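One file, work-v9.txt, carrying compact mmCIF, C-alpha atoms:
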# COMPACT_ATOMS: atom_id res chain seq x y z
CA MET V 898 -133.40 127.12 -6.79
CA THR V 899 -132.51 125.28 -3.57
CA SER V 900 -134.87 123.61 -1.12
CA ALA V 901 -134.89 124.85 2.47
CA PRO V 902 -132.97 122.64 4.94
CA THR V 903 -135.04 120.87 7.56
CA THR V 904 -132.31 120.55 10.20
CA ILE V 905 -129.32 122.58 11.37
CA THR V 906 -125.99 120.85 10.74
CA ALA V 907 -122.53 121.50 12.15
CA ARG V 908 -121.49 122.53 8.65
CA ALA V 909 -124.22 125.18 8.60
CA TRP V 910 -122.88 126.66 11.85
CA SER V 911 -119.32 126.70 10.48
CA VAL V 912 -120.43 128.51 7.31
CA TRP V 913 -122.41 131.01 9.38
CA LEU V 914 -119.51 131.56 11.78
CA VAL V 915 -117.11 132.49 8.97
CA GLY V 916 -119.69 134.82 7.43
CA LEU V 917 -120.32 136.37 10.85
CA LEU V 918 -116.60 136.97 11.40
CA VAL V 919 -116.32 138.75 8.06
CA TYR V 920 -119.32 140.94 8.95
CA LEU V 921 -117.91 141.62 12.44
CA VAL V 922 -114.61 142.77 10.95
CA ALA V 923 -116.50 144.96 8.47
CA VAL V 924 -118.27 146.65 11.41
CA PHE V 925 -114.86 146.98 13.09
CA HIS V 926 -113.42 148.78 10.06
CA ARG V 927 -116.57 150.90 9.73
CA SER V 928 -116.31 152.01 13.37
CA SER V 929 -112.53 152.25 13.71
CA LEU V 930 -112.45 155.95 12.89
CA ALA V 931 -114.74 156.79 15.83
CA VAL V 932 -111.84 156.52 18.29
CA ALA V 933 -109.28 158.01 15.89
CA GLY V 934 -110.94 161.35 15.26
CA LEU V 935 -108.38 163.51 17.06
CA ALA V 936 -105.50 161.54 15.57
CA ALA V 937 -107.03 161.95 12.10
CA THR V 938 -107.39 165.73 12.46
CA GLU V 939 -103.69 165.96 13.35
CA ARG V 940 -102.45 163.49 10.73
CA PHE V 941 -104.35 165.05 7.83
CA ASP V 942 -104.55 168.62 9.22
CA ILE V 943 -108.32 168.80 8.73
CA SER V 944 -111.27 170.55 10.38
CA ALA V 945 -114.16 168.94 12.24
CA SER V 946 -116.44 169.21 9.20
CA GLN V 947 -113.82 167.52 7.03
CA LEU V 948 -113.54 164.78 9.64
CA ALA V 949 -117.33 164.29 9.54
CA THR V 950 -117.05 163.84 5.78
CA PHE V 951 -115.39 160.47 6.37
CA THR V 952 -118.55 159.18 8.09
CA MET V 953 -120.89 160.79 5.58
CA LEU V 954 -118.96 159.32 2.66
CA GLN V 955 -119.04 155.82 4.13
CA LEU V 956 -122.81 156.03 4.73
CA LEU V 957 -123.43 157.27 1.21
CA VAL V 958 -121.33 154.54 -0.37
CA TYR V 959 -122.82 151.85 1.87
CA ALA V 960 -126.40 152.87 1.08
CA GLY V 961 -125.72 153.39 -2.61
CA MET V 962 -124.13 149.96 -3.00
CA GLN V 963 -126.98 147.96 -1.46
CA ILE V 964 -128.97 147.30 -4.64
CA PRO V 965 -125.89 146.59 -6.83
CA VAL V 966 -124.54 144.22 -4.18
CA GLY V 967 -127.91 142.48 -3.90
CA LEU V 968 -127.94 141.92 -7.65
CA MET V 969 -124.34 140.66 -7.54
CA VAL V 970 -125.22 138.14 -4.81
CA ASP V 971 -128.24 136.90 -6.77
CA ARG V 972 -126.01 136.50 -9.84
CA PHE V 973 -122.66 135.27 -8.44
CA GLY V 974 -123.52 133.90 -5.00
CA SER V 975 -122.57 134.91 -1.46
CA ARG V 976 -119.15 133.22 -1.43
CA SER V 977 -117.75 135.16 -4.39
CA VAL V 978 -119.16 138.52 -3.36
CA LEU V 979 -118.10 138.09 0.28
CA LEU V 980 -114.57 137.22 -0.82
CA CYS V 981 -114.52 140.34 -2.98
CA GLY V 982 -115.79 142.41 -0.04
CA VAL V 983 -113.21 141.19 2.48
CA THR V 984 -110.42 141.70 -0.08
CA LEU V 985 -111.59 145.24 -0.79
CA LEU V 986 -111.84 146.02 2.93
CA THR V 987 -108.31 144.73 3.53
CA VAL V 988 -106.74 146.74 0.70
CA ALA V 989 -108.74 149.89 1.56
CA GLN V 990 -107.87 149.78 5.25
CA ALA V 991 -104.20 149.23 4.38
CA GLY V 992 -104.43 152.25 2.10
CA PHE V 993 -105.93 154.27 4.94
CA ALA V 994 -103.02 153.20 7.14
CA ILE V 995 -100.40 154.61 4.80
CA ALA V 996 -102.37 157.62 3.52
CA GLU V 997 -100.75 160.93 4.41
CA SER V 998 -103.09 163.35 2.65
CA TYR V 999 -106.78 164.05 3.14
CA PRO V 1000 -107.80 163.20 -0.47
CA ALA V 1001 -105.97 159.86 -0.28
CA ALA V 1002 -107.66 159.07 3.03
CA LEU V 1003 -111.08 159.92 1.55
CA VAL V 1004 -110.46 157.51 -1.34
CA ALA V 1005 -109.51 154.80 1.13
CA ARG V 1006 -112.66 155.34 3.22
CA PHE V 1007 -114.72 155.27 0.03
CA PHE V 1008 -113.53 151.75 -0.67
CA VAL V 1009 -113.90 150.76 2.99
CA GLY V 1010 -117.58 151.68 2.61
CA MET V 1011 -117.81 149.69 -0.61
CA GLY V 1012 -116.24 146.58 0.94
CA ASP V 1013 -118.45 146.95 4.01
CA ALA V 1014 -121.53 147.01 1.76
CA MET V 1015 -120.59 143.57 0.39
CA THR V 1016 -120.81 141.72 3.70
CA PHE V 1017 -124.17 141.79 5.46
CA ILE V 1018 -126.41 140.90 2.51
CA CYS V 1019 -124.10 137.95 1.71
CA VAL V 1020 -124.43 136.62 5.24
CA LEU V 1021 -128.23 137.01 5.12
CA ARG V 1022 -128.30 134.94 1.93
CA LEU V 1023 -126.11 132.27 3.53
CA VAL V 1024 -128.45 132.10 6.53
CA ALA V 1025 -131.46 131.71 4.23
CA SER V 1026 -129.70 128.90 2.32
CA TRP V 1027 -128.31 126.90 5.26
CA PHE V 1028 -130.93 127.14 8.03
CA PRO V 1029 -134.54 125.94 8.35
CA SER V 1030 -137.14 128.64 7.77
CA ARG V 1031 -138.30 128.74 11.38
CA ARG V 1032 -134.74 129.38 12.60
CA ILE V 1033 -133.83 132.08 10.08
CA PRO V 1034 -135.24 135.04 12.11
CA LEU V 1035 -133.24 134.05 15.20
CA VAL V 1036 -129.98 133.43 13.31
CA THR V 1037 -130.46 136.70 11.40
CA GLN V 1038 -130.82 138.59 14.68
CA LEU V 1039 -127.78 136.81 16.12
CA THR V 1040 -125.82 137.90 13.04
CA GLY V 1041 -126.75 141.54 13.46
CA THR V 1042 -126.29 141.43 17.23
CA LEU V 1043 -122.92 139.67 17.36
CA GLY V 1044 -121.69 141.75 14.45
CA GLN V 1045 -121.95 144.80 16.70
CA LEU V 1046 -119.06 143.39 18.71
CA GLY V 1047 -116.97 144.85 15.91
CA ALA V 1048 -117.88 148.33 17.17
CA VAL V 1049 -116.86 147.34 20.70
CA LEU V 1050 -113.55 145.91 19.47
CA ALA V 1051 -112.94 149.09 17.50
CA ALA V 1052 -113.04 151.09 20.73
CA VAL V 1053 -110.64 149.78 23.36
CA PRO V 1054 -108.15 147.76 21.21
CA MET V 1055 -107.87 150.48 18.55
CA THR V 1056 -107.49 153.19 21.19
CA TRP V 1057 -104.64 151.20 22.74
CA ALA V 1058 -103.05 150.46 19.36
CA LEU V 1059 -103.18 154.08 18.21
CA GLY V 1060 -101.63 155.23 21.47
CA HIS V 1061 -98.85 152.62 21.62
CA LEU V 1062 -98.16 151.67 17.99
CA GLY V 1063 -99.06 154.78 16.05
CA TRP V 1064 -101.44 155.34 13.15
CA THR V 1065 -99.79 153.30 10.41
CA LYS V 1066 -99.02 150.18 12.45
CA ALA V 1067 -102.42 150.18 14.16
CA TYR V 1068 -104.37 150.31 10.91
CA LEU V 1069 -102.06 147.88 9.10
CA ILE V 1070 -102.55 145.31 11.85
CA ALA V 1071 -106.31 145.85 11.64
CA ALA V 1072 -106.17 145.39 7.86
CA SER V 1073 -104.17 142.16 8.15
CA ILE V 1074 -107.12 140.40 9.81
CA GLY V 1075 -108.76 140.40 6.39
CA LEU V 1076 -106.04 138.14 4.97
CA VAL V 1077 -106.95 135.40 7.45
CA LEU V 1078 -110.66 135.81 6.76
CA ALA V 1079 -110.12 135.67 3.00
CA VAL V 1080 -108.43 132.27 3.41
CA MET V 1081 -111.24 131.06 5.70
CA THR V 1082 -113.82 132.22 3.16
CA LEU V 1083 -112.10 130.24 0.40
CA LEU V 1084 -111.79 127.08 2.48
CA VAL V 1085 -115.05 126.97 4.45
CA LEU V 1086 -117.82 128.85 2.69
CA HIS V 1087 -120.30 127.19 0.35
CA ASP V 1088 -123.26 129.05 -1.10
CA SER V 1089 -125.64 126.22 -0.21
CA PRO V 1090 -125.54 122.66 1.18
CA THR V 1091 -125.38 121.36 -2.38
CA HIS V 1092 -123.32 124.01 -4.20
CA ARG V 1093 -119.92 125.51 -3.45
CA ASN V 1094 -120.62 128.36 -5.85
CA LEU V 1095 -124.26 129.01 -6.66
CA ARG V 1096 -124.75 131.07 -9.80
CA GLY V 1097 -127.92 132.82 -10.87
CA PRO V 1098 -128.92 133.61 -14.45
CA SER V 1099 -127.02 136.25 -16.37
CA LEU V 1100 -128.72 139.57 -16.02
CA SER V 1101 -128.97 142.07 -18.83
CA PHE V 1102 -129.89 145.65 -18.06
CA ALA V 1103 -133.49 144.84 -18.92
CA ALA V 1104 -133.40 141.76 -16.66
CA VAL V 1105 -131.91 143.78 -13.80
CA ARG V 1106 -134.60 146.41 -14.15
CA ARG V 1107 -137.28 143.71 -14.30
CA SER V 1108 -135.91 141.90 -11.22
CA LEU V 1109 -135.76 145.08 -9.16
CA ALA V 1110 -139.19 146.14 -10.37
CA MET V 1111 -140.66 142.77 -9.36
CA SER V 1112 -139.03 142.96 -5.92
CA TRP V 1113 -140.19 146.53 -5.36
CA ALA V 1114 -143.66 145.79 -6.74
CA HIS V 1115 -144.39 143.34 -3.94
CA PRO V 1116 -145.83 145.30 -1.01
CA GLY V 1117 -143.91 143.00 1.36
CA THR V 1118 -140.62 144.41 0.07
CA ARG V 1119 -141.87 147.95 0.57
CA LEU V 1120 -143.12 147.04 4.03
CA GLY V 1121 -139.65 145.72 4.88
CA PHE V 1122 -138.06 148.90 3.50
CA TRP V 1123 -140.22 151.20 5.64
CA MET V 1124 -139.73 149.00 8.71
CA HIS V 1125 -135.97 149.38 8.28
CA PHE V 1126 -136.39 153.09 7.55
CA SER V 1127 -138.38 153.75 10.73
CA THR V 1128 -136.50 151.77 13.36
CA GLN V 1129 -132.73 152.19 13.22
CA PHE V 1130 -131.96 155.79 12.26
CA SER V 1131 -132.10 157.20 15.79
CA ALA V 1132 -129.59 154.67 17.15
CA THR V 1133 -127.33 154.95 14.09
CA THR V 1134 -127.21 158.74 14.30
CA LEU V 1135 -126.40 158.72 18.02
CA SER V 1136 -123.70 156.07 17.72
CA LEU V 1137 -121.94 157.38 14.62
CA LEU V 1138 -121.88 161.12 15.20
CA TRP V 1139 -124.32 163.09 17.34
CA GLY V 1140 -124.80 161.02 20.51
CA TYR V 1141 -121.69 162.21 22.34
CA PRO V 1142 -122.22 165.93 21.60
CA PHE V 1143 -125.91 165.67 22.51
CA PHE V 1144 -125.25 164.09 25.90
CA VAL V 1145 -122.35 166.40 26.78
CA LYS V 1146 -123.54 169.75 25.44
CA GLY V 1147 -127.26 169.17 25.12
CA GLU V 1148 -127.83 167.35 28.43
CA HIS V 1149 -124.73 168.48 30.39
CA GLN V 1150 -123.47 164.97 31.11
CA THR V 1151 -119.78 164.35 31.76
CA PRO V 1152 -117.72 162.86 28.91
CA ALA V 1153 -117.39 159.65 30.93
CA THR V 1154 -121.15 159.37 31.40
CA ALA V 1155 -121.71 160.06 27.71
CA GLY V 1156 -119.35 157.20 26.87
CA VAL V 1157 -121.21 154.89 29.25
CA LEU V 1158 -124.56 155.85 27.70
CA LEU V 1159 -123.32 155.00 24.21
CA THR V 1160 -121.90 151.70 25.48
CA VAL V 1161 -125.23 150.83 27.12
CA MET V 1162 -126.95 151.48 23.79
CA VAL V 1163 -124.69 148.92 22.08
CA LEU V 1164 -125.39 146.44 24.89
CA ALA V 1165 -129.14 147.04 24.44
CA VAL V 1166 -128.77 146.25 20.75
CA MET V 1167 -127.00 142.99 21.57
CA ALA V 1168 -129.50 141.98 24.26
CA ALA V 1169 -132.61 142.78 22.23
CA GLY V 1170 -131.53 141.01 19.03
CA PRO V 1171 -131.96 137.35 20.10
CA THR V 1172 -135.18 138.19 21.95
CA LEU V 1173 -136.71 139.79 18.85
CA GLY V 1174 -135.44 136.92 16.72
CA TRP V 1175 -137.25 134.43 18.95
CA LEU V 1176 -140.44 136.54 18.94
CA VAL V 1177 -140.44 136.81 15.14
CA GLY V 1178 -139.93 133.06 14.78
CA ALA V 1179 -142.70 132.32 17.29
CA HIS V 1180 -145.16 134.98 16.05
CA PRO V 1181 -144.38 135.61 12.35
CA TRP V 1182 -147.84 137.03 11.64
CA HIS V 1183 -147.26 139.94 14.02
CA ARG V 1184 -143.97 141.35 12.72
CA SER V 1185 -145.36 144.72 11.63
CA THR V 1186 -147.15 145.05 14.98
CA MET V 1187 -143.81 144.56 16.77
CA VAL V 1188 -142.22 147.30 14.65
CA LEU V 1189 -145.08 149.74 15.22
CA ALA V 1190 -144.90 149.13 18.97
CA ILE V 1191 -141.11 149.58 19.13
CA VAL V 1192 -141.10 152.78 17.07
CA SER V 1193 -143.95 154.17 19.16
CA ALA V 1194 -141.95 153.45 22.34
CA ILE V 1195 -138.90 155.23 20.88
CA VAL V 1196 -141.03 158.27 19.99
CA VAL V 1197 -142.58 158.40 23.47
CA VAL V 1198 -139.24 158.25 25.31
CA TRP V 1199 -137.65 160.87 23.04
CA THR V 1200 -140.67 163.10 23.65
CA VAL V 1201 -140.24 162.81 27.42
CA VAL V 1202 -136.51 163.62 27.15
CA LEU V 1203 -136.95 166.61 24.84
CA SER V 1204 -139.88 168.07 26.81
CA TRP V 1205 -138.28 167.60 30.23
CA PRO V 1206 -137.85 170.99 31.99
CA GLY V 1207 -134.12 171.75 32.00
CA HIS V 1208 -131.76 168.82 31.58
CA ALA V 1209 -133.19 165.32 31.53
CA PRO V 1210 -132.10 163.23 34.55
CA THR V 1211 -129.39 160.66 33.94
CA TRP V 1212 -131.73 157.72 34.64
CA LEU V 1213 -134.04 158.93 31.89
CA LEU V 1214 -131.15 159.12 29.42
CA PHE V 1215 -130.31 155.51 30.27
CA VAL V 1216 -133.91 154.57 29.48
CA LEU V 1217 -133.57 156.49 26.22
CA VAL V 1218 -130.46 154.67 24.99
CA VAL V 1219 -131.93 151.27 25.92
CA VAL V 1220 -135.19 151.90 24.04
CA VAL V 1221 -133.42 153.53 21.07
CA GLY V 1222 -130.96 150.63 20.99
CA ILE V 1223 -133.82 148.15 20.56
CA GLY V 1224 -134.60 149.93 17.28
CA GLY V 1225 -131.38 148.54 15.79
CA PRO V 1226 -132.36 144.85 15.86
CA ALA V 1227 -135.98 145.81 15.15
CA ALA V 1228 -134.75 146.94 11.72
CA MET V 1229 -133.80 143.32 11.02
CA ILE V 1230 -137.47 142.38 11.02
CA GLY V 1231 -137.72 144.17 7.69
CA PHE V 1232 -135.32 141.65 6.12
CA ASP V 1233 -137.46 138.77 7.33
CA VAL V 1234 -140.52 140.31 5.71
CA GLY V 1235 -138.54 140.71 2.48
CA ARG V 1236 -137.41 137.08 2.68
CA THR V 1237 -140.93 135.72 2.97
CA SER V 1238 -142.29 138.06 0.29
CA ASN V 1239 -139.85 137.17 -2.51
CA PRO V 1240 -138.61 133.97 -4.16
CA HIS V 1241 -135.17 132.75 -3.10
CA GLU V 1242 -133.49 133.96 -6.28
CA ARG V 1243 -134.59 137.56 -5.58
CA PHE V 1244 -133.87 137.55 -1.85
CA ALA V 1245 -130.53 139.38 -1.99
CA SER V 1246 -131.74 142.13 -4.32
CA ALA V 1247 -134.85 142.60 -2.15
CA SER V 1248 -132.59 142.77 0.93
CA GLY V 1249 -130.49 145.42 -0.81
CA ILE V 1250 -133.58 147.54 -1.39
CA ILE V 1251 -134.67 147.12 2.24
CA ASN V 1252 -131.21 147.84 3.64
CA GLN V 1253 -131.20 151.25 2.00
CA GLY V 1254 -134.11 152.40 4.14
CA GLY V 1255 -132.47 152.81 7.53
CA PHE V 1256 -129.23 154.23 6.16
CA ALA V 1257 -131.06 156.73 3.96
CA ALA V 1258 -133.04 157.88 7.00
CA SER V 1259 -129.84 158.07 9.08
CA LEU V 1260 -128.12 160.15 6.42
CA VAL V 1261 -131.03 162.59 6.25
CA LEU V 1262 -131.09 162.89 10.03
CA VAL V 1263 -127.32 163.40 10.37
CA ILE V 1264 -127.46 166.24 7.84
CA SER V 1265 -130.66 167.73 9.32
CA ILE V 1266 -129.27 167.82 12.87
CA GLY V 1267 -126.11 169.57 11.65
CA LEU V 1268 -128.07 172.18 9.70
CA VAL V 1269 -130.46 172.92 12.57
CA LEU V 1270 -127.59 173.15 15.08
CA ASP V 1271 -125.83 175.69 12.88
CA TRP V 1272 -129.11 177.60 12.47
CA ARG V 1273 -129.89 177.67 16.21
CA THR V 1274 -126.36 178.34 17.49
CA PRO V 1275 -125.73 182.05 18.15
CA GLY V 1276 -122.73 183.31 16.23
CA GLY V 1277 -122.10 179.94 14.60
CA GLY V 1278 -119.24 177.72 15.73
CA SER V 1279 -119.59 174.51 17.70
CA ASP V 1280 -120.74 175.93 21.04
CA TYR V 1281 -124.14 174.26 20.74
CA THR V 1282 -126.76 175.01 23.36
CA PRO V 1283 -129.32 172.65 24.91
CA SER V 1284 -132.05 174.58 23.12
CA ALA V 1285 -130.30 174.08 19.78
CA PHE V 1286 -130.09 170.34 20.41
CA ARG V 1287 -133.79 170.16 21.28
CA TRP V 1288 -134.63 171.79 17.96
CA ALA V 1289 -132.18 169.56 16.10
CA MET V 1290 -133.29 166.27 17.67
CA SER V 1291 -136.92 167.18 17.02
CA THR V 1292 -136.29 166.73 13.28
CA GLN V 1293 -136.67 163.00 13.98
CA TYR V 1294 -140.44 163.42 14.26
CA LEU V 1295 -140.74 164.15 10.53
CA ILE V 1296 -138.92 160.91 9.69
CA TRP V 1297 -140.93 158.88 12.20
CA ALA V 1298 -144.19 160.29 10.86
CA LEU V 1299 -143.32 159.33 7.30
CA GLY V 1300 -142.08 155.88 8.32
CA LEU V 1301 -145.06 154.98 10.53
CA VAL V 1302 -147.58 156.05 7.90
CA GLN V 1303 -145.83 153.95 5.26
CA VAL V 1304 -145.49 150.89 7.52
CA TYR V 1305 -149.20 151.03 8.24
CA ARG V 1306 -150.07 151.49 4.54
CA TYR V 1307 -147.95 148.61 3.28
CA ARG V 1308 -148.94 146.35 6.14
CA ILE V 1309 -152.54 146.61 4.86
CA ARG V 1310 -151.48 146.07 1.23
CA THR V 1311 -149.30 143.07 2.10
CA ARG V 1312 -152.12 141.40 3.99
CA ARG V 1313 -154.40 141.93 1.00
CA VAL V 1314 -151.89 140.08 -1.17
CA VAL V 1315 -151.78 137.24 1.37
CA ASP V 1316 -155.58 137.01 1.43
CA ARG V 1317 -155.70 136.98 -2.38
CA ASP V 1318 -153.09 134.23 -2.59
CA GLU V 1319 -154.97 132.13 -0.08
CA LEU V 1320 -158.15 132.42 -2.15
CA GLU V 1321 -156.22 131.37 -5.26
CA GLY V 1322 -154.67 128.40 -3.47
CA ILE V 1323 -151.14 129.86 -3.52
CA THR V 1324 -148.97 129.20 -0.47
CA PRO V 1325 -148.76 132.68 1.06
CA PRO V 1326 -145.68 134.30 2.54
CA ILE V 1327 -145.72 134.92 6.28
CA THR V 1328 -146.35 138.62 6.90
As structure tokens - that is how I would like this structure written.
Amino acid sequence: MTSAPTTITARAWSVWLVGLLVYLVAVFHRSSLAVAGLAATERFDISASQLATFTMLQLLVYAGMQIPVGLMVDRFGSRSVLLCGVTLLTVAQAGFAIAESYPAALVARFFVGMGDAMTFICVLRLVASWFPSRRIPLVTQLTGTLGQLGAVLAAVPMTWALGHLGWTKAYLIAASIGLVLAVMTLLVLHDSPTHRNLRGPSLSFAAVRRSLAMSWAHPGTRLGFWMHFSTQFSATTLSLLWGYPFFVKGEHQTPATAGVLLTVMVLAVMAAGPTLGWLVGAHPWHRSTMVLAIVSAIVVVWTVVLSWPGHAPTWLLFVLVVVVGIGGPAAMIGFDVGRTSNPHERFASASGIINQGGFAASLVLVISIGLVLDWRTPGGGSDYTPSAFRWAMSTQYLIWALGLVQVYRYRIRTRRVVDRDELEGITPPIT
């Protein structure tokens, strides 16, 4: 158990910066296939559905690894797990560079997803160990926001590299960045101000089950899970797979305009993160209210777009991507609720539980949109109509309804726990 720092030191910023760089590169590797889709179909001689399997596989692995990674961080510390993650990312991306068959490429992307899963929770734990409590929400938002630069860097530089250097050289160069970060992790990172490597107690299967049960039993952890579940899936689905087709075929925008819309969404994510971090730090008792308000705004704007007669005007689509983009950093509020609802030694495992929410919702939505598009497209194929996209995008309402109901339920339960603790003289978590 470590006491919370009272001031921010230069050493804390250096530790955070290295962790941030590792996370940024993980986002880069995660997003690098987005600009290499056509090259991948030619290299591996695959169909569009097989290409989509790369993204689906990464999401499945990422979501499935969250709880195991959280337990690993609680047991072995952020430094060791982050080093393992950056090593795995480097080897997997190098394997993807030299892969010449579809099965080999799938295996490589599987391990890219696994390495990616070992980054963000580690950085969250480092932030909680190195920064004063009042500053943690802001630094957490900065981490998520600046990490999205990895997606931006995966666009232009990787497009240039693929066009001028070819597949193998482009991906090998991208993989080599991990070697530098592995050295930086070894030299700079410490798990806490007082420990280079902070180890938790050995966990038997019974202890693991008990730790997860205790984390999940606290309504604050469940509140964080449903906050994450409700806020980010719309932005994730648009950015990873369905945004470009929706804008081009569903709303008859030009490919250039569709690209600008997706870029604006990333910029909205980056702009909203620090603002939400400051608001959470200044008004920690109103975090669930912020989430309910943001999700409600997303629902309202989507409703206007989908009910607009004919094609929605371009200005309205810009409003849509800005509001949807805010949902990305809003998901980070769930981690802050988990942090204040669990003891320090369970923070990473609780974060792993919470981090599953948004990616599980995104996975369900990605699959649902594809199924509805196939159902509503005459004669099959990929010639999707605006009507088909309206049906497909409307599947979001089912996920929002579930998420909003659960956020409201667990907000009430969490506040009951706080009131009970106050009556018993226990210092309550901020909810």
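Among the candidates V:Thr1292, V:Ser1131, V:Thr1154, V:Thr1160, the one nearest to Gly1224 of chain V when counting all atoms listed in the file is V:Ser1131.
Considering the residues V:Thr1237, V:Thr1211, V:Thr1186, V:Ser1291 and counting all atoms listed in the file, Leu1270 of chain V has its shortest atom-to-atom contact with V:Ser1291.
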Per residue of segment 1115-1134 of chain V within 8 Å of segment 1293-1303 of chain V, note the shortest atom pair and the distance in Å to one decimal, counting only C-alpha atoms, and order the rows by chain and increasing residue number, as a Markdown table.
| residue | atom | partner | partner_atom | distance |
| --- | --- | --- | --- | --- |
| V:Leu1120 | CA | V:Gln1303 | CA | 7.5 |
| V:Trp1123 | CA | V:Gly1300 | CA | 5.7 |
| V:Met1124 | CA | V:Gly1300 | CA | 7.3 |
| V:Phe1126 | CA | V:Gly1300 | CA | 6.4 |
| V:Ser1127 | CA | V:Gly1300 | CA | 4.9 |
| V:Ser1131 | CA | V:Gln1293 | CA | 7.6 |
> Leu985 of chain V: which residues within 10 Å, counting only C-alpha atoms, same-chain residues fewer than 5 positions away excluded, as number ranges by chain?
Replying inline: V: 979-980, 990-991, 1005, 1008-1013, 1015, 1075
> Near Val1085 of chain V, counting all atoms listed in the file, which residues have an atom at most 9 Å away, once you skip same-chain residues fewer than 2 positions from it, shown as a PyMOL selection string?
Replying inline: chain V and resi 908+911-912+915+1080-1083+1087
> Contacts of segment 956-963 of chain V at 7 Å or less, counting all atoms listed in the file, minus same-chain residues fewer than 4 places along, as a list in words?
Replying inline: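 What passes the distance filter is Thr952, Gly967, Phe1007, Gly1010, Met1011, Asp1013, Ala1014, Gly1249, Ile1250, Asn1252, Gln1253, Phe1256, Ala1257 and Leu1260 of chain V.
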>> For a quick check of understanding, using all atoms listed in the file, which of V:Pro1090, V:Val966, V:Pro1034, V:Phe1286 has the smallest distance to Leu1173 of chain V?
In response: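 For Leu1173 of chain V, the nearest of the candidates is V:Pro1034.
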> Could you state the separation of atom CA of Pro1275 of chain V and atom CA of Phe941 of chain V in Å, given to one decimal place?
Replying inline: 29.2 Å
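Nearest to Pro1152 of chain V of all the residues V:Gln1129, V:Ile905, V:Gly1140, V:Asp1233 is V:Gly1140, based on only C-alpha atoms.
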>> Counting only C-alpha atoms, which residue out of V:Leu1137, V:Met1167, V:Leu1021, V:Leu1095 sits closest to Leu1046 of chain V?
In response: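 Of all the options, V:Met1167 lies closest to Leu1046 of chain V.
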>> Using Å and a single decimal, report how far atom CA of Ile1230 of chain V sits from atom CA of Val1177 of chain V.
In response: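 Atom CA of Val1177 of chain V sits 7.5 Å away from atom CA of Ile1230 of chain V.
Shortest atom-to-atom contact with Phe951 of chain V among V:Leu914, V:Arg1006, V:Arg1308, V:Thr1200: V:Arg1006, counting all atoms listed in the file.
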>> Residues near Ala1179 of chain V, anyone? I mean within 10 Å using only C-alpha atoms, not counting same-chain ones fewer than 3 positions away, as a ChimeraX atom specification.
In response: /V:1031-1032,1034-1035,1173-1176,1182-1183
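Of note, atom CA of Met1229 of chain V and atom CA of Ala1104 of chain V are spaced 27.7 Å apart.
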> Got a sec: who's within 9 Å of segment 923-933 of chain V, counting all atoms listed in the file, leaving out chain neighbours fewer than 3 positions off, as a PyMOL selection string?
Replying inline: chain V and resi 918-920+936-938+951-952+955+982-983+986+990+1006+1009-1010+1012-1014+1016-1017+1044-1053+1055-1056+1059+1064+1068+1071-1072+1137-1138
Given 6 Å of margin on each side, can you work out the centre and size in Å (one decimal) of an axis-aligned box holding every listed atom of segment 1170-1186 of chain V, as JSON?
{"center_x": -139.7, "center_y": 138.7, "center_z": 16.8, "size_x": 28.3, "size_y": 24.7, "size_z": 22.3}
